[in-house]
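Peer 1: Can you keep this structure in mind? I'll have questions shortly.
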Amino acid sequence: SRQPTCSPPSITTSRRRSEPRKRRLNSCFCAEFDMQVYTESYEPAGMPDRYRGHKHPDLVTETAILSAIRPPAITNSLSLPSDGKLSSTQLESVHLACHQHETFMSSGMRNGFFIGDGPGMGKGRQIAGIVWENHIQERPKCIWISTSPDLLQDAKRDLRDIGAGHIPVHDLKDYTASQRLSEIEALESGVIFCTYTLLLKRLEQLTDWCGPDFDGVLAFDECHKAKSVKVNGEKTTGTATAHAVTEIQNLHPGARVLYVSATGASDPQQLLYATRLGLWGEGTSFPDAASFERQMNEGGAGAMEVLAMELKRTGKYLSRTLSFKDATFKVEKSLEPDFAALYDKAAVFMGDLVRLVCRAGSGSKANLWAMSQRFWLQMLMAAKVKATVCIAKQALQEGKCVVIGLQATGEAAQAGPDDADHDGWCASSAKVMVRNYITKHSGLDLRAPKTQCLLDRLNQLELPVNPLDDLIHQLGGASQVAEMTGRAARLECNTDGAWTPVRRSEDKGRSEDTVNIGERERFMGGEKLVAIISDAASTGISLQADRRAPNTRRRVHITLELPWSADKAVQQMGRSHRSNQASAPEFVLMMTPIGGEWRKASAVASRLQQLGAITQGDRRAATNSGIHRFKIDPHYGNKALAELLHALAPDSDQTPDELPDFLDEDYQGNFEAFASSARAECERAGVSIAGLLASKRNKKIRSLPSNTFLNKLLGMKLKMQSQIFQYWMQLHDAKICKAKLNGMYTESIMDLETQVNKVEAEKILFTNEATGAETKYARIVGDRGISFEKAKEIYEQARTAGVEAGFYKGRSDTTNGEASIQVAVARREAKRTVVKIARANTGWRPDTSRADLDDKYFRVEPDEVEAEWRRQYARGCGHKEGSTECAGAGCDYRSRSQTVHLLHGSVLPFWDQIRARLLRVRKCIKIVRVHTIDGPTLVGITIPDELILAIKTVVEAGLRTDSDSEDDETRHLFAVERCSAKRQRKRTLSSTSDDEDEDATYSSGSPSSSSSGGKE
């Protein structure tokens, strides 16, 4: 049955063996505290007056983090007409790019610019605008590189639409490799369009056409295709595409380089092709690309967020996105009972195959597991076909049209329409995959009785038809469905139910690209109302409800199969959500309750988080798809997996801290019975727990990555697969919850959780002469207190929402002789109950557990503590009224007043020096956003008291050639400040009770993720 939302198999509150099951809180209360990820709308900054009035046709947004960063002032002017054919949002990119192209890096190469706008923002038009501006400035030659030949027509259309149709666009494939382009009169000016594939073959030819002093535009459209650059010491390697992209930039130092992609990078390594952004080398914090990659990786998502902010601040980057205001997201979870039985039969067969191949010791294990993964992915897609057809037909009945996205077509495993021999041919790609492996790659003796028996069982096994062809058939056939994939043939079901291969085009000379263009036109024209796209057609193509096209029905975009990478997921979703659309799409993610499917969803969710950090300055920005809920934390996932395998190991003497929630119902509370069954199923699927024991003496489990385990989990019977996965997620969520309660789990840039923030002092420490970017220090004082009216409002809102909340008073007095009072709200995080607490003078405090709350406090009615709450709020500090220790108005003991020292502005150039010092006294770097009452929003790094002088001294000294060098004065200042701060903190906190944490309070989607770094 389908459910409107998707979550892992039901996990309830865990318990130890000796503890009774505790009452659970089924609600959460977090809406009020969700940190805003996107701004309501985006307005270009610094645009000339004559361009301001041309609004973008759709609502545009930017992450709240990047919106706090202002790009540098633009000094150049444009020659483009202000006729409204380019919106002010698009013209901002043109303006900034042309400004940046007039500056040079310290190496002598011209600076580049990165357009990181989301899908559908009109990036092609922005490229066309930059090309036209340079054409007006008498730079007539341009190279436009993209991913697919059919995007040539889009490039011509974009130039034509903005009024630059007179600029000729030449297709490089129309000329032979032996021709010298510089000698062809028709190519003396204009745009040469080529694909990345053609760039590899024609690099020398293009270089010759450009000439030695080329200063025209070199545009890398969909530049994420070049992201596979690897640096090992002084040696740079990677894919041929990445090498060609890097090489052509090096050959033309004066070229005006433009990088364009919605998914430019999801980790630092994937930015190494962008050599014109000036991220490493002289004048930066990183001497070379290897150093940049290493330190950014060590800094995690926080470092990537700082990187995105730095690129915008220096005018080298913009990243806007279409608002998802009217789009909807839904996860459909479906698995038919008859398919579950078929899946279990397939699991038994695949287990026998794995065991036979492993025992025979023949063939490649890599080939075996690769085939197994492809097999199960086909099965997962087939499991969702029926529900997908139902959703699609319902959408069509409602007057909508449908876009279905998948990755693999299954063509490689099938016989083609021109194959003469069809003996033994079948419509199941999954079955053909297994047969091909056994007969060609397994190394098994095909004459052996066991192999013959296995092949006979495979022939008798009823496996599903190729999912893509089954979808097309059930939705009306090829006459009703527009297929945009890379395959040349498809399967067609005859009237007698037999499936036969046929060509997608009757003309053998037509390429798949040409066929796809025709299918797209039929879909956009309304002739066909269902479109199916694969990975081969997921970049650049527009399928939105375009106001200019006849088919303006609302799109229902169904993701049948997730891709392996976040950038492909974003690209595919962007096909139906683009500018100038009559309506926003409805996104539907198809999932099954099969635990192993979370392998793909988890991988995509993790990469989406990194992608949001590095491209939009906020790791949550790319998770609007709903996929983020499937994320398995790699660190805690691996730790939970090790604990799971320990618990399941034979003769394990380790009692698990968490027992499965299904244990009582399915195993009468006998954990050993579950462990025995799970161990046997793991062995059959190729996970030998006994083999993972390093030795019988200490029984330490060898490292088994979460992704590998999830892959093998797919080969288990569904019930046991679900139980093992459920138990694993129970352990995973418990570890994350514990980390959050201990303040060790950092999720994103945090808001300073104070009511009023005022900048009391601010100083420019360093100004980069090349970029004009400033690095600043600010001392910010905020009021973190919560009035009784606000506390009661929180309490009442929670009660109205059906969430457990209340006022609580301490069971014993604190060290100041006064019982603490607080308002508490329970909510569910990572499948555990987390209690958020707030106090009158210190505001939101670190999260606590329900058990700790009940142990130290008892519940009271609001009117019982109103008077005391008001007194503590008015008093402003934590001393008892009349205390001789109170310093009066300036008392800082548990004070409402909170001081934070912030290093903001251009921080990245000093990243290595700042990071090295901060990690001496902290476990992680805290990046916060501060809303001030008397100025702009500030985003920066919090600096603890003991490091203020040392870090200010380092930054004021400017950039060093040796990032590790420190003069004697700096080391002395560091030591003195640290000792002084320790003594001061001891005096201030000597009387602090155990339940008080006097550190600064921050918020990251919740009110009180604490961090050290605030002066009390």
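A note on labels: chains of the structure tokens are A, B, ... as shown, every chain counts residues from 1, and ligands are counted from 1 in their shown order.
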Excluding Tyr777 (chain A) and residues on its chain fewer than 6 positions from it, collect all residues at most 6 Å away from it, counting only C-alpha atoms, and give them as a ChimeraX atom specification.

Peer 2: /A:762-763,902-903

Peer 1: If we count only C-alpha atoms and set the cut-off at 8 Å, which residues sit around region 703-716 of chain A, ignoring sequence neighbours fewer than 3 positions away in its own chain? Please answer as JSON, numbers by chain.

Peer 2: {"A": [344, 347, 348, 350, 351, 373, 376, 594, 595, 596, 597, 598, 599, 634, 637, 638, 641, 642, 681, 682, 684, 685, 686, 687, 720, 721]}

Peer 1: Ranking A:Ser442, A:Gln137, A:Thr409, A:Thr321 by minimum distance to Lys365 (chain A) and counting only C-alpha atoms, which one comes first?

Peer 2: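 Nearest candidate to Lys365 (chain A) out of A:Ser442, A:Gln137, A:Thr409, A:Thr321: A:Ser442.
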
Peer 1: Do you know which residues are at most 8 Å from region 381-396 of chain A counting only C-alpha atoms, after dropping those on the same chain fewer than 6 positions away, and could you put them as a ChimeraX atom specification?

Peer 2: /A:2,334-336,339,402,464-467,470-471,474-475,529,556,558,560-561,590-592

Peer 1: Take the residues that were just selected and, keeping C-alpha atoms, output them as a CSV table (one decimal), in the first residue's frame.

Peer 2:
```
chain,number,residue,atom,x,y,z
A,2,ARG,CA,1.2,3.5,-0.7
A,334,SER,CA,4.9,0.9,-2.4
A,335,LEU,CA,5.5,-2.8,-2.5
A,336,GLU,CA,2.9,-5.3,-3.8
A,339,PHE,CA,6.2,-8.9,-5.8
A,402,VAL,CA,3.7,13.4,-16.5
A,464,PRO,CA,9.8,-8.8,-14.2
A,465,VAL,CA,9.8,-7.3,-17.7
A,466,ASN,CA,12.3,-4.5,-18.4
A,467,PRO,CA,10.7,-1.6,-16.3
A,470,ASP,CA,6.7,-2.1,-19.1
A,471,LEU,CA,6.0,1.6,-18.3
A,474,GLN,CA,1.0,0.3,-19.6
A,475,LEU,CA,0.8,4.0,-20.4
A,529,LEU,CA,1.4,13.8,-22.5
A,556,VAL,CA,3.9,15.7,-12.3
A,558,ILE,CA,8.0,11.1,-10.9
A,560,LEU,CA,11.4,6.2,-10.5
A,561,GLU,CA,15.1,5.6,-10.0
A,590,MET,CA,9.1,6.6,-5.6
A,591,MET,CA,10.5,4.4,-2.9
A,592,THR,CA,10.0,0.9,-1.5
```

Peer 1: Taking only C-alpha atoms into account, name the residue in A:Gly905, A:Gly785, A:Gly958, A:Gly120 that is nearest to Ala874 (chain A).

Peer 2: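 Of the candidates, the smallest distance to Ala874 (chain A) is held by A:Gly785.
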
Peer 1: Taking only C-alpha atoms into account, which of A:Ile541, A:Leu908, A:Val331, A:Ile943 comes nearest Phe286 (chain A)?

Peer 2: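 Checking each candidate against Phe286 (chain A), we get A:Leu908 as the closest.
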
Peer 1: Could you give me, as a PDB file with C-alpha atoms, in the first residue's frame, each residue of region 310-349 of chain A that DSSP assigns to strand (DSSP E or B) when run on this structure's backbone?

Peer 2:
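For reference, result_13.pdb as written:
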```pdb
ATOM      1  CA  TYR A 317      30.318  33.616  -8.135  1.00  0.00           C
ATOM      2  CA  LEU A 318      26.546  33.866  -8.090  1.00  0.00           C
ATOM      3  CA  THR A 321      17.536  29.441  -7.804  1.00  0.00           C
ATOM      4  CA  LEU A 322      13.925  29.415  -8.870  1.00  0.00           C
ATOM      5  CA  THR A 328       5.064  20.166  -4.071  1.00  0.00           C
ATOM      6  CA  PHE A 329       7.155  17.220  -2.886  1.00  0.00           C
ATOM      7  CA  LYS A 330       5.828  13.822  -1.998  1.00  0.00           C
ATOM      8  CA  VAL A 331       7.381  10.423  -1.299  1.00  0.00           C
ATOM      9  CA  GLU A 332       5.382   7.365  -2.335  1.00  0.00           C
ATOM     10  CA  LYS A 333       6.285   4.048  -0.735  1.00  0.00           C
TER      11      LYS A 333
END
```

Peer 1: Figure out the distance between CA of Ile145 (chain A) and CA of Asn297 (chain A), please, to one decimal in Å.

Peer 2: 29.3 Å

Peer 1: Skip Glu804 (chain A) itself and residues of its chain fewer than 4 positions away, then list as a ChimeraX atom specification all residues within 7 Å of it, counting only C-alpha atoms.

Peer 2: /A:798-799,825-826

Peer 1: Going by DSSP on the backbone, which residues of region 19-242 of chain A come out as helix (DSSP H, G or I)? List them as an MDAnalysis selection string.

Peer 2: chainID A and resid 31:33 49:51 64:67 88:100 123:136 151:161 172:174 181:183 185:187 196:210 223:226 240:242
